Structure formats: structure tokens, C-alpha cells
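Participant: File run-v9.txt follows (compact mmCIF, C-alpha atoms):
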# COMPACT_ATOMS: atom_id res chain seq x y z
CA MET A 1 -22.10 -26.81 -15.35
CA LEU A 2 -20.86 -27.46 -18.84
CA MET A 3 -19.43 -24.81 -21.08
CA GLU A 4 -19.91 -24.79 -24.81
CA PRO A 5 -17.23 -26.72 -26.67
CA ALA A 6 -14.09 -24.62 -27.19
CA MET A 7 -14.29 -22.54 -30.34
CA ASP A 8 -10.93 -23.67 -31.73
CA ASN A 9 -12.07 -27.26 -31.28
CA LEU A 10 -15.31 -26.57 -33.13
CA LEU A 11 -13.54 -24.78 -35.98
CA GLU A 12 -11.06 -27.61 -36.34
CA ARG A 13 -13.89 -30.13 -36.47
CA CYS A 14 -15.62 -28.05 -39.12
CA ARG A 15 -12.43 -27.90 -41.16
CA SER A 16 -12.29 -31.69 -41.10
CA GLY A 17 -15.83 -31.78 -42.50
CA ASP A 18 -17.75 -32.41 -39.25
CA ARG A 19 -21.26 -31.18 -39.97
CA GLU A 20 -22.38 -31.75 -36.39
CA ALA A 21 -19.80 -29.17 -35.33
CA PHE A 22 -21.01 -26.87 -38.10
CA ALA A 23 -24.56 -27.25 -36.78
CA LEU A 24 -23.34 -26.01 -33.39
CA LEU A 25 -21.72 -23.00 -35.03
CA VAL A 26 -24.95 -22.29 -36.90
CA ASP A 27 -26.75 -22.52 -33.58
CA ARG A 28 -24.29 -20.13 -31.96
CA TYR A 29 -24.03 -17.48 -34.68
CA GLY A 30 -27.06 -17.97 -36.89
CA LEU A 31 -29.33 -15.65 -34.97
CA MET A 32 -26.77 -12.84 -34.96
CA VAL A 33 -26.32 -13.19 -38.73
CA LEU A 34 -30.07 -13.37 -39.33
CA ARG A 35 -30.76 -10.27 -37.27
CA THR A 36 -28.05 -8.26 -38.98
CA ALA A 37 -29.41 -9.28 -42.37
CA ARG A 38 -33.00 -8.56 -41.38
CA MET A 39 -32.23 -5.07 -40.13
CA ILE A 40 -30.41 -4.21 -43.35
CA VAL A 41 -32.64 -5.81 -46.00
CA ARG A 42 -35.97 -5.26 -44.13
CA ASP A 43 -37.45 -8.42 -45.63
CA PRO A 44 -37.78 -11.70 -43.67
CA ASP A 45 -37.40 -14.03 -46.67
CA LEU A 46 -34.49 -12.16 -48.16
CA ALA A 47 -32.84 -12.05 -44.72
CA GLU A 48 -33.06 -15.84 -44.51
CA ASP A 49 -31.41 -16.12 -47.93
CA VAL A 50 -28.63 -13.81 -46.76
CA CYS A 51 -28.20 -15.79 -43.56
CA GLN A 52 -27.96 -19.05 -45.48
CA GLU A 53 -25.48 -17.69 -48.02
CA THR A 54 -23.33 -16.11 -45.31
CA LEU A 55 -23.04 -19.26 -43.23
CA LEU A 56 -22.40 -21.47 -46.26
CA LYS A 57 -19.65 -19.10 -47.41
CA PHE A 58 -18.24 -19.36 -43.92
CA TRP A 59 -18.25 -23.15 -44.25
CA ARG A 60 -16.57 -23.01 -47.67
CA HIS A 61 -13.88 -20.55 -46.57
CA LEU A 62 -13.10 -22.09 -43.19
CA SER A 63 -9.64 -23.19 -44.24
CA SER A 64 -8.57 -19.58 -44.86
CA LEU A 65 -10.30 -18.11 -41.81
CA ARG A 66 -7.93 -16.67 -39.22
CA GLY A 67 -8.58 -15.92 -35.58
CA ALA A 68 -10.32 -17.83 -32.85
CA ASP A 69 -13.67 -16.05 -33.00
CA PRO A 70 -15.57 -16.18 -36.29
CA GLY A 71 -18.13 -13.64 -35.01
CA PRO A 72 -16.56 -10.52 -36.55
CA TRP A 73 -15.99 -12.30 -39.86
CA LEU A 74 -19.59 -13.47 -39.96
CA ASN A 75 -20.87 -10.04 -39.04
CA ARG A 76 -18.86 -8.40 -41.80
CA MET A 77 -19.92 -11.02 -44.32
CA ALA A 78 -23.57 -10.76 -43.30
CA ALA A 79 -23.60 -6.98 -43.78
CA ASN A 80 -21.94 -7.17 -47.20
CA GLU A 81 -24.12 -10.06 -48.33
CA ALA A 82 -27.18 -8.13 -47.20
CA ILE A 83 -26.19 -5.09 -49.26
CA SER A 84 -25.55 -7.24 -52.34
CA ALA A 85 -28.78 -9.20 -51.93
CA TRP A 86 -30.81 -6.04 -51.47
CA ARG A 87 -29.26 -4.51 -54.60
CA ARG A 88 -30.03 -7.63 -56.64
CA ARG A 89 -33.63 -7.60 -55.43
CA HIS A 90 -34.07 -3.88 -55.98
CA ARG A 91 -32.16 -3.20 -59.18
CA LEU A 92 -34.61 -0.51 -60.21
CA ASP A 93 -34.43 1.19 -56.83
CA THR A 94 -30.67 1.13 -57.04
CA LEU A 95 -30.79 2.80 -60.44
CA ARG A 96 -33.16 5.43 -59.08
CA GLU A 97 -30.82 6.06 -56.18
CA ARG A 98 -27.91 6.54 -58.55
CA LEU A 99 -29.92 8.98 -60.61
CA GLY A 100 -30.86 10.88 -57.47
CA MET A 101 -34.56 10.39 -58.07
CA ASP A 102 -35.41 8.86 -54.74
CA ARG A 103 -34.23 11.77 -52.65
CA ALA A 104 -36.46 14.30 -54.35
CA GLU A 105 -39.49 12.05 -54.01
CA SER A 106 -38.77 11.16 -50.38
CA SER A 107 -38.26 14.78 -49.42
CA ALA A 108 -41.67 15.57 -50.80
CA VAL A 109 -43.18 12.82 -48.69
CA SER A 110 -41.41 13.97 -45.56
CA THR A 111 -43.04 17.34 -45.71
CA GLU A 112 -46.47 15.72 -45.80
CA ALA A 113 -46.17 13.00 -43.21
CA ARG A 114 -43.72 12.32 -40.47
CA LEU A 115 -42.70 8.70 -40.25
CA ASP A 116 -41.96 6.63 -37.20
CA LEU A 117 -38.33 5.69 -36.79
CA GLY A 118 -38.78 2.15 -38.11
CA ARG A 119 -40.33 3.34 -41.34
CA ALA A 120 -37.73 6.05 -41.62
CA ILE A 121 -34.99 3.44 -41.46
CA ASP A 122 -36.78 1.62 -44.29
CA ARG A 123 -36.30 4.74 -46.41
CA LEU A 124 -32.54 4.95 -46.04
CA LYS A 125 -30.23 3.75 -48.78
CA VAL A 126 -29.12 0.22 -48.09
CA GLU A 127 -25.48 1.32 -47.61
CA GLU A 128 -26.60 3.88 -45.05
CA ARG A 129 -28.69 1.30 -43.23
CA ALA A 130 -25.72 -1.03 -43.05
CA VAL A 131 -23.57 1.69 -41.48
CA VAL A 132 -26.34 2.55 -39.01
CA VAL A 133 -26.84 -1.09 -38.02
CA LEU A 134 -23.14 -1.80 -37.54
CA HIS A 135 -22.47 1.43 -35.64
CA TYR A 136 -25.60 1.83 -33.53
CA HIS A 137 -26.75 -1.74 -33.05
CA GLN A 138 -23.51 -3.65 -32.99
CA ASP A 139 -21.56 -0.82 -31.39
CA LEU A 140 -18.72 -0.93 -33.90
CA SER A 141 -16.59 2.20 -34.04
CA VAL A 142 -16.75 4.20 -37.27
CA GLU A 143 -13.31 2.84 -38.16
CA ASP A 144 -14.40 -0.78 -37.59
CA THR A 145 -17.63 -0.14 -39.48
CA ALA A 146 -15.64 1.15 -42.43
CA ARG A 147 -13.32 -1.85 -42.24
CA ALA A 148 -16.26 -4.26 -42.07
CA LEU A 149 -17.85 -2.77 -45.17
CA GLY A 150 -14.59 -2.32 -47.05
CA VAL A 151 -14.97 1.43 -47.49
CA PRO A 152 -12.76 4.37 -46.47
CA VAL A 153 -13.38 5.79 -42.99
CA ASP A 154 -14.46 9.11 -44.50
CA THR A 155 -17.09 7.31 -46.56
CA ALA A 156 -18.46 5.57 -43.48
CA LYS A 157 -18.54 8.89 -41.60
CA SER A 158 -20.29 10.58 -44.47
CA ARG A 159 -22.91 7.80 -44.76
CA LEU A 160 -23.53 7.92 -41.05
CA LYS A 161 -23.97 11.68 -41.07
CA THR A 162 -26.28 11.54 -44.08
CA ALA A 163 -28.30 8.71 -42.54
CA LEU A 164 -28.80 10.60 -39.29
CA ARG A 165 -29.79 13.79 -41.07
CA ARG A 166 -32.21 11.84 -43.24
CA LEU A 167 -33.75 10.04 -40.28
CA ARG A 168 -34.25 13.33 -38.48
CA GLU A 169 -35.94 14.80 -41.54
CA LEU A 170 -38.22 11.82 -42.01
CA THR A 171 -39.27 11.68 -38.38
CA GLY A 172 -39.57 15.41 -37.95
CA ASN A 173 -36.95 15.29 -35.23
CA GLU A 174 -34.91 18.27 -36.31
CA GLU A 175 -31.54 18.85 -34.68
CA ASN A 176 -31.50 21.60 -32.10
CA MET B 1 -24.74 10.39 -27.76
CA THR B 2 -27.84 12.47 -28.42
CA ASP B 3 -31.38 11.52 -27.42
CA PHE B 4 -32.13 10.86 -31.06
CA GLU B 5 -29.22 8.45 -31.36
CA ARG B 6 -30.40 6.69 -28.19
CA ASP B 7 -33.86 6.36 -29.73
CA LEU B 8 -32.25 4.92 -32.84
CA LYS B 9 -30.38 2.33 -30.77
CA LEU B 10 -33.59 1.38 -28.99
CA GLN B 11 -35.45 1.08 -32.29
CA LEU B 12 -32.76 -1.24 -33.67
CA ALA B 13 -32.80 -3.33 -30.49
CA LYS B 14 -36.56 -3.61 -30.82
CA GLU B 15 -36.23 -4.74 -34.43
CA ALA B 16 -33.64 -7.34 -33.41
CA GLY B 17 -36.03 -8.61 -30.76
CA ARG B 18 -38.62 -9.25 -33.44
CA VAL B 19 -36.41 -12.09 -34.65
CA PRO B 20 -36.64 -14.18 -31.47
CA GLY B 21 -34.73 -17.20 -32.68
CA MET B 22 -33.11 -18.98 -35.55
CA PRO B 23 -35.88 -20.83 -37.46
CA HIS B 24 -35.23 -24.53 -37.17
CA ASP B 25 -35.89 -25.18 -40.85
CA LEU B 26 -33.38 -22.50 -41.80
CA SER B 27 -30.68 -24.08 -39.61
CA SER B 28 -31.47 -27.45 -41.16
CA ARG B 29 -31.26 -26.03 -44.69
CA ILE B 30 -27.92 -24.43 -43.97
CA VAL B 31 -26.37 -27.54 -42.44
CA ALA B 32 -27.79 -29.70 -45.25
CA GLY B 33 -26.25 -27.34 -47.80
CA ALA B 34 -22.76 -27.69 -46.33
CA ALA B 35 -21.01 -29.93 -48.83
CA PRO B 36 -17.99 -31.95 -47.71
CA GLN B 37 -14.85 -29.83 -47.54
CA PRO B 38 -12.81 -30.52 -50.70
CA ALA B 39 -9.59 -29.62 -48.93
CA THR B 40 -10.34 -32.27 -46.33
CA TRP B 41 -10.67 -34.99 -48.91
CA LEU B 42 -7.51 -33.86 -50.66
CA ARG B 43 -5.64 -33.85 -47.38
CA ALA B 44 -7.05 -37.12 -46.18
CA ALA B 45 -6.77 -39.16 -49.38
CA PRO B 46 -2.98 -39.69 -49.51
CA VAL B 47 -2.89 -40.54 -45.82
CA ALA B 48 -5.73 -43.03 -46.19
CA VAL B 49 -4.14 -44.69 -49.23
CA ALA B 50 -0.80 -44.97 -47.43
CA ALA B 51 -2.45 -46.40 -44.32
CA LEU B 52 -4.35 -48.99 -46.35
CA PHE B 53 -1.16 -49.96 -48.19
CA VAL B 54 0.80 -50.42 -44.96
CA ALA B 55 -2.05 -52.38 -43.39
CA ALA B 56 -2.36 -54.65 -46.41
CA VAL B 57 1.40 -55.34 -46.55
CA GLY B 58 1.57 -55.98 -42.81
CA LEU B 59 -1.39 -58.32 -42.93
CA ALA B 60 0.09 -60.28 -45.81
CA LEU B 61 3.44 -60.64 -44.02
CA LEU B 62 1.88 -61.72 -40.73
CA ASN B 63 -0.36 -64.28 -42.38
CA ALA B 64 2.61 -65.66 -44.35
CA HIS B 65 4.93 -65.80 -41.29
CA PRO B 66 2.90 -66.01 -38.10
CA PRO B 67 4.96 -65.18 -35.00
CA ARG B 68 5.48 -67.78 -32.25
CA ASN B 69 2.64 -67.91 -29.72
CA ALA B 70 0.57 -65.85 -32.04
CA GLY B 71 -3.12 -65.57 -31.30
CA PRO B 72 -5.70 -65.35 -33.98
CA SER B 73 -4.70 -63.91 -37.30
CA LEU B 74 -5.14 -60.16 -37.68
CA GLY B 75 -7.63 -60.94 -40.38
CA ALA B 76 -10.09 -61.70 -37.62
CA ALA B 77 -10.43 -58.81 -35.19
CA SER B 78 -10.22 -59.94 -31.62
CA SER B 79 -11.50 -56.81 -29.92
CA PRO B 80 -14.72 -55.03 -30.66
CA SER B 81 -14.42 -51.62 -32.28
CA PRO B 82 -16.00 -48.67 -30.44
CA SER B 83 -19.66 -48.23 -31.15
CA LEU B 84 -20.65 -45.16 -33.15
CA GLU B 85 -24.25 -45.37 -32.03
CA PRO B 86 -25.39 -42.43 -29.91
CA SER B 87 -25.66 -43.15 -26.22
CA PRO B 88 -29.19 -43.38 -24.91
CA ALA B 89 -30.50 -40.58 -22.75
CA PRO B 90 -29.83 -41.27 -19.08
CA THR B 91 -32.71 -42.54 -17.01
CA GLY B 92 -31.38 -43.24 -13.53
CA PRO B 93 -30.46 -40.72 -10.89
CA ALA B 94 -26.78 -41.61 -10.97
CA ALA B 95 -26.47 -42.07 -14.70
CA SER B 96 -24.60 -39.81 -17.01
CA ALA B 97 -24.05 -40.34 -20.70
CA PRO B 98 -21.97 -38.65 -23.36
CA ALA B 99 -24.13 -36.64 -25.71
CA GLY B 100 -21.90 -35.34 -28.49
CA LEU B 101 -20.32 -31.92 -28.55
CA LEU B 102 -22.80 -30.29 -26.21
CA GLY B 103 -21.55 -32.48 -23.40
CA PRO B 104 -23.19 -35.16 -21.30
CA PHE B 105 -26.41 -35.03 -19.34
CA VAL B 106 -25.66 -34.83 -15.64
CA CYS B 107 -27.93 -36.09 -12.93
CA GLY B 108 -26.68 -34.02 -10.00
CA PRO B 109 -28.64 -31.55 -7.89
CA GLY B 110 -27.96 -28.52 -10.09
CA ALA B 111 -25.49 -26.22 -11.79
CA GLN B 112 -24.27 -22.67 -11.73
CA GLY B 113 -22.30 -20.35 -13.99
CA GLY B 114 -22.51 -17.11 -15.95
CA THR B 115 -20.24 -14.08 -15.79
CA THR B 116 -19.99 -12.42 -12.40
CA SER B 117 -19.82 -8.88 -13.76
CA ALA B 118 -22.49 -9.37 -16.42
CA THR B 119 -25.94 -7.86 -16.28
CA GLY B 120 -28.67 -9.02 -18.59
CA ASN B 121 -32.11 -8.10 -19.81
CA LEU B 122 -34.24 -11.06 -20.68
CA THR B 123 -35.51 -10.84 -24.25
CA ALA B 124 -36.83 -14.33 -24.99
CA VAL B 125 -37.72 -17.66 -23.43
CA ARG B 126 -38.14 -20.60 -25.76
CA VAL B 127 -39.30 -24.05 -24.81
CA ALA B 128 -39.59 -27.03 -27.14
CA HIS B 129 -39.69 -30.79 -27.30
CA GLN B 130 -36.69 -32.22 -29.15
CA ALA B 131 -35.73 -35.77 -30.09
CA GLY B 132 -34.42 -37.33 -26.86
CA PHE B 133 -34.76 -34.24 -24.70
CA ASP B 134 -36.77 -31.10 -23.99
CA ARG B 135 -35.07 -27.71 -24.24
CA VAL B 136 -35.62 -24.40 -22.54
CA THR B 137 -33.59 -21.38 -23.66
CA PHE B 138 -33.27 -18.03 -21.89
CA GLU B 139 -31.93 -15.25 -24.08
CA PHE B 140 -30.46 -11.98 -22.80
CA ALA B 141 -29.40 -8.63 -24.16
CA GLY B 142 -26.69 -6.94 -22.15
CA THR B 143 -23.08 -7.43 -21.22
CA GLY B 144 -23.06 -11.22 -21.16
CA LEU B 145 -24.80 -14.09 -19.47
CA PRO B 146 -25.64 -13.00 -15.92
CA PRO B 147 -24.66 -15.27 -13.01
CA TYR B 148 -27.19 -18.06 -12.67
CA SER B 149 -27.97 -21.16 -10.68
CA VAL B 150 -30.03 -24.17 -11.64
CA ALA B 151 -31.41 -26.14 -8.69
CA ARG B 152 -33.37 -29.37 -8.88
CA GLN B 153 -35.99 -30.26 -6.30
CA ALA B 154 -38.56 -32.93 -5.57
CA GLY B 155 -42.05 -31.60 -6.19
CA THR B 156 -43.23 -28.60 -8.18
CA GLY B 157 -44.15 -26.23 -5.38
CA PHE B 158 -42.36 -22.86 -5.52
CA THR B 159 -42.60 -19.51 -3.77
CA GLU B 160 -43.01 -16.38 -5.84
CA ASP B 161 -40.50 -13.58 -5.33
CA ALA B 162 -41.28 -11.07 -3.77
CA SER B 163 -44.95 -11.75 -2.99
CA GLY B 164 -44.24 -14.98 -1.12
CA ARG B 165 -47.23 -16.58 -2.78
CA ALA B 166 -47.04 -20.34 -3.19
CA VAL B 167 -47.39 -21.66 -6.74
CA SER B 168 -47.53 -25.18 -8.04
CA LEU B 169 -46.47 -26.16 -11.54
CA ARG B 170 -47.48 -29.15 -13.62
CA GLY B 171 -45.47 -32.35 -13.22
CA ASP B 172 -43.98 -33.88 -10.11
CA GLN B 173 -40.33 -32.81 -10.25
CA GLY B 174 -39.11 -29.24 -10.13
CA MET B 175 -36.22 -27.10 -11.22
CA LYS B 176 -35.56 -23.48 -10.26
CA ILE B 177 -33.44 -21.21 -12.43
CA THR B 178 -32.26 -17.98 -10.82
CA PHE B 179 -30.40 -15.16 -12.58
CA HIS B 180 -28.68 -12.41 -10.59
CA GLY B 181 -28.26 -8.92 -12.04
CA ALA B 182 -31.00 -9.70 -14.52
CA SER B 183 -34.53 -8.62 -15.29
CA GLY B 184 -37.12 -8.97 -17.99
CA GLN B 185 -38.98 -5.79 -17.16
CA GLY B 186 -39.40 -3.73 -20.30
CA THR B 187 -37.53 -6.20 -22.48
CA TYR B 188 -39.41 -9.49 -22.23
CA ASN B 189 -42.89 -9.44 -23.70
CA GLY B 190 -43.50 -13.16 -24.05
CA SER B 191 -45.53 -15.53 -21.93
CA THR B 192 -44.52 -15.89 -18.28
CA ASP B 193 -46.29 -19.24 -17.96
CA ILE B 194 -45.48 -21.65 -20.76
CA ILE B 195 -47.34 -24.94 -20.74
CA LEU B 196 -45.99 -27.54 -23.13
CA PRO B 197 -48.27 -29.78 -25.11
CA PRO B 198 -47.24 -33.43 -24.84
CA ALA B 199 -45.01 -34.54 -27.71
CA LEU B 200 -46.62 -37.20 -29.81
CA GLY B 201 -45.18 -40.63 -29.24
CA ALA B 202 -42.53 -39.50 -26.82
CA ALA B 203 -42.13 -39.67 -23.08
CA ASP B 204 -42.15 -35.89 -22.73
CA THR B 205 -40.57 -34.59 -19.61
CA LEU B 206 -40.90 -30.81 -19.44
CA ALA B 207 -44.48 -29.86 -18.64
CA GLU B 208 -44.43 -26.18 -17.66
CA VAL B 209 -41.99 -23.28 -17.44
CA ARG B 210 -43.06 -20.26 -15.44
CA GLN B 211 -41.60 -17.01 -14.17
CA ILE B 212 -41.77 -16.90 -10.40
CA GLY B 213 -39.93 -13.66 -9.71
CA ASP B 214 -38.45 -10.50 -11.20
CA PHE B 215 -37.56 -8.29 -8.30
CA GLU B 216 -34.54 -6.09 -7.60
CA ARG B 217 -32.60 -7.57 -10.51
CA VAL B 218 -33.11 -11.15 -9.37
CA LEU B 219 -34.97 -13.04 -12.05
CA SER B 220 -36.42 -16.44 -11.20
CA TRP B 221 -38.06 -19.06 -13.38
CA ALA B 222 -39.25 -22.53 -12.46
CA ALA B 223 -39.83 -25.67 -14.47
CA GLY B 224 -42.16 -28.57 -13.79
CA MET B 225 -41.14 -32.00 -15.11
CA ASN B 226 -43.00 -35.26 -15.35
CA SER B 227 -40.18 -37.49 -14.19
CA PRO B 228 -36.81 -37.28 -12.42
CA THR B 229 -34.34 -36.91 -15.26
CA CYS B 230 -30.89 -35.58 -15.99
CA THR B 231 -30.04 -32.18 -17.41
CA ARG B 232 -27.44 -30.56 -19.62
CA VAL B 233 -26.69 -26.87 -19.10
CA VAL B 234 -24.94 -24.98 -21.90
CA GLU B 235 -23.94 -21.32 -22.19
CA LEU B 236 -24.09 -19.72 -25.63
CA ALA B 237 -22.95 -16.31 -26.83
CA SER B 238 -24.02 -13.80 -29.50
CA PRO B 239 -26.62 -13.34 -28.17
CA SER B 240 -26.13 -14.56 -24.60
CA ARG B 241 -28.26 -17.62 -23.93
CA LEU B 242 -28.61 -20.24 -21.26
CA VAL B 243 -29.78 -23.54 -22.69
CA ILE B 244 -31.10 -26.27 -20.40
CA ASP B 245 -31.76 -29.65 -21.95
CA VAL B 246 -33.84 -32.08 -19.93
CA ALA B 247 -33.34 -35.70 -20.97
CA LYS B 248 -36.52 -37.58 -21.75
CA ALA B 249 -37.20 -40.77 -19.87
CA ALA B 250 -36.75 -43.87 -22.00
CA GLY B 251 -40.01 -45.41 -23.08
Any chance you could give the structure as C-alpha cells?

Facilitator:
Amino acid sequence: MLMEPAMDNLLERCRSGDREAFALLVDRYGLMVLRTARMIVRDPDLAEDVCQETLLKFWRHLSSLRGADPGPWLNRMAANEAISAWRRRHRLDTLRERLGMDRAESSAVSTEARLDLGRAIDRLKVEERAVVVLHYHQDLSVEDTARALGVPVDTAKSRLKTALRRLRELTGNEEN
Amino acid sequence: MTDFERDLKLQLAKEAGRVPGMPHDLSSRIVAGAAPQPATWLRAAPVAVAALFVAAVGLALLNAHPPRNAGPSLGAASSPSPSLEPSPAPTGPAASAPAGLLGPFVCGPGAQGGTTSATGNLTAVRVAHQAGFDRVTFEFAGTGLPPYSVARQAGTGFTEDASGRAVSLRGDQGMKITFHGASGQGTYNGSTDIILPPALGAADTLAEVRQIGDFERVLSWAAGMNSPTCTRVVELASPSRLVIDVAKAAG
């Protein structure tokens, strides 16, 4: 039985410009990055763009990367890239969110039709989705989620609470 | 954790499962977009210049003042340099060949590995012809890669677990892959009998991959191959995957 090449060996090879080693890292972490991006941006093409940008940034910043496991770094970068990419793609939506227009409209919809959980997640703000994905899918603590997204812990807690309340409203699953 | 939060976790896991693998063209685009590391060139350049300078001076001195009993001048290399060509895929039962960073193909009776304490839920099985080898990948959600064994056998006759029914796969050589503490029930929705189309212009080896058991957390799959070849078994993480490469016969 053969184990995968040691991570420190792969990283060192990447730092010396070995693209074959980089291909192995893409093979190892690409799917994780793609899934994180897809769950946050909810768009297959945009998720691929995020995945590509994240892994190329990883390649470009290898010399300053610390630690033996690039997984957490990639995860953090994927989530932040996904938020930025979504905002660029949905500038108008972002403006509406800032003006508070979306909430009023969405609340009106929720009283008419209950959504399934997947569609309800679609309706969250992108920052809320990122917190939900990191906390509930990747099992990061609230503190680690906050650290990954570069926001205060209280902000992460607040986003999580808002996201859960919103999901319950949209799915008609009111808290007992 | 509330029931609602559990539902949310399940929903997210389901969404993740809808992305079964990294698209090959995306991987290729990413690797192609990786420009040479500038820092590497900056680091390497002075060393290379110094080495060339020393070599040139040494060569000039040796050619001007050849030592007693000297052999050929250093200007004419007397020993061949190592070949950079990739090694061919192994073809004989005792052969093994280096195959880059993934390790060599090994022609023994089988392999075993995984994490003793890990339990896994099968989420995907992918099979594909590649240049020089065929690849089958088992992907798991859970606490790691469950303990597994890979056993080669002559013939493609297997016994289904737990029915005891005899099944025969395509090809004439077999391989059984058994995972302990693993199951695909409720998590694997793909085909349980994957028949590979022959690869154009290649001596394809892997002919069929089929589930032959999923009972009491023992998950068994079998593979039928067209020729006795060597294999390479690699464990990957995030997500947990077992990758088995089957070398194609030369020809």
C-alpha cells in the first residue's frame, strides 16, 4: 500500500515551481474548494471561477504559507473568494440588501409559499450562507468561522442566528 | 443541536454530494494557469550563474593542464545522464516501475490500509480510462478512510455478500476491494455495476466495476480486468478517497 506523498514534500516541490506537484495538490483539495464555493455562490460556473482563483492564489502565495496542511487556508480563501465573487456578480442585489429592500420582499413571499430548505438557503445573504456553510457543513466552531471570514466573533454569531431564523421563516419551520 | 439544524446539515451534505468530483478540465485549467514561481527564479538564478562559472573555470583549467593518467576530457561526458523520460507502465507479474509522485505500480497480490477507527459512508464511485492506466476512485463521507483491503485474484468470479450468489464480471482477472466499517446505504445513489467502454486506441484493462456486498457495515466491490496488470493504491483526504490505478498493458 502506498500513501500519498508527504504534504511537506509536495509543498516544497510546489515552491520550487513543480507543476506536477501542484497538480497533485489540486487533485487533493480541488473538490473541497469547489464544493465550498458552490454551496456559497449557488452557481456552478461561478463556483468554478472561485475554485480556479482560490487555487491559483494558493500557488502564488505558497512562499508565505505557514503550516503543514494547506486545507484550512484553502477553505478560508475559498469562502472569502466566494463572497467577493458573488458580490461582483450581484452588485444590484448587494445594493438592495444594503438598502434593506430584499428582506421586505422576501418576507412577503414567505407568507405565501413555504420553500424547501435548499431554496431557503438560496435566499440568505451571501455572508450568512458562508457562515452557515463553514459552521454546519465544515463543522468549524463559531470562533473559527469568524476567524476564517475575518469578522468579529459576535458578528459571526449574529449572522448565524439571523440565518437560522430566516431559514425557519422561509421553510415554515417555526421554533418551538 | 436541534432537529432543524440536523436537517440543515443533511441538506448541505446533499448539496456537496451533487458535486461528485473535480471536473478534469477545471483541474487542467488551474494547473495550466500556474505561472512559474518568480521567487524560485530569483533564488535559483545566482546559484545557477555561480555553478556555471565554476564549471567553466574548472573545465578550462583541466583542459589546459590534464592530470596524469587522466581519462577523457571532461568536455566529453563519459557516463550517461539519468533519463527524464517517464518509465513505461509495468507489464510483467514481477515488474514494478516508478510512476512520479503517486508512487510506483506494484504487481503483488494486494494491498491494505485505511484508518482503523474510521467509519465511512460511500458517496461516489468514479471509473475512467486514463493515459497509461485505468482509475477507480471510491469517495467517502465520514471520519476518514475506513480500513480496506485490495485483493487480486485469477478469474472474475465473485460471491455476493450476504446472499452468497455467484457473480461473474467482464474480463479474465479479478480484484476485490473490501471496506470495513463502511456502507453506501442512503449515501450512494450511483450505479452499482459500472461497465467501461473500451478506450479508443489503448489496451484498456479495467472492464467492469461492481458492488458485490453492503451488509453489516462491510462494503465490497469487485473489478474485472482484461489482463494481469499491476496496481497503484493511493489514499487521499478532504474528502476521503481510495484511488486504485490499474496499469494498462503495453500495446

Participant: Would you give me, as a count of residues only, the residues of chain B that come within 9 Å of chain A, using all atoms listed in the file?

Facilitator: 53

Participant: List the spatial neighbours of segment 148-161 of chain A as an mmCIF file with C-alpha atoms, keeping the file's coordinate frame - criterion: any atom at most 7 Å away, only C-alpha atoms, same-chain residues fewer than 2 positions off excluded.

Facilitator:
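Once written, out-v4.cif looks like this:
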data_model
loop_
_atom_site.group_PDB
_atom_site.id
_atom_site.type_symbol
_atom_site.label_atom_id
_atom_site.label_comp_id
_atom_site.auth_asym_id
_atom_site.auth_seq_id
_atom_site.Cartn_x
_atom_site.Cartn_y
_atom_site.Cartn_z
ATOM 1 C CA ARG A 76 -18.860 -8.400 -41.800
ATOM 2 C CA ASN A 80 -21.940 -7.170 -47.200
ATOM 3 C CA GLU A 128 -26.600 3.880 -45.050
ATOM 4 C CA VAL A 131 -23.570 1.690 -41.480
ATOM 5 C CA VAL A 132 -26.340 2.550 -39.010
ATOM 6 C CA VAL A 142 -16.750 4.200 -37.270
ATOM 7 C CA GLU A 143 -13.310 2.840 -38.160
ATOM 8 C CA ASP A 144 -14.400 -0.780 -37.590
ATOM 9 C CA THR A 145 -17.630 -0.140 -39.480
ATOM 10 C CA ALA A 146 -15.640 1.150 -42.430
ATOM 11 C CA ALA A 163 -28.300 8.710 -42.540
ATOM 12 C CA LEU A 164 -28.800 10.600 -39.290
ATOM 13 C CA ARG A 165 -29.790 13.790 -41.070
#

Participant: Report, in Å with one decimal, the straight-line distance from atom CA of Pro228 of chain B to atom CA of Asp245 of chain B.

Facilitator: 13.2 Å

Participant: At a cut-off of 9 Å, using only C-alpha atoms, what residues contact Trp221 of chain B? Leave out same-chain residues fewer than 6 positions from it and give the result as a list in words.

Facilitator: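 Once the nearby chain positions are removed, what remains is Met175, Lys176, Ile177, Thr178, Phe179, Thr192, Val209, Arg210, Gln211, Ile212, Gly213 and Asp214 of chain B.
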
Participant: Nearest residue to Ile83 of chain A out of A:Leu134, A:Val126, A:Leu65, A:Ala120, using only C-alpha atoms?

Facilitator: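 Between A:Leu134, A:Val126, A:Leu65, A:Ala120, the residue approaching Ile83 of chain A most closely is A:Val126.
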
Participant: Between atom CA of Lys14 of chain B and atom CA of Ala78 of chain A, measure the distance and give it in Å to one decimal.

Facilitator: 19.4 Å

Participant: Could you work out how far atom CA of Thr162 of chain A lies from atom CA of Ser141 of chain A, giving the answer in Å with one decimal?

Facilitator: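 Distance between the two atoms: 16.8 Å.
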
Participant: Using all atoms listed in the file, which of the listed residues (B:Ala207, B:Phe215, B:Ser168, B:Leu242) sits closest to Asp134 of chain B?

Facilitator: B:Ala207
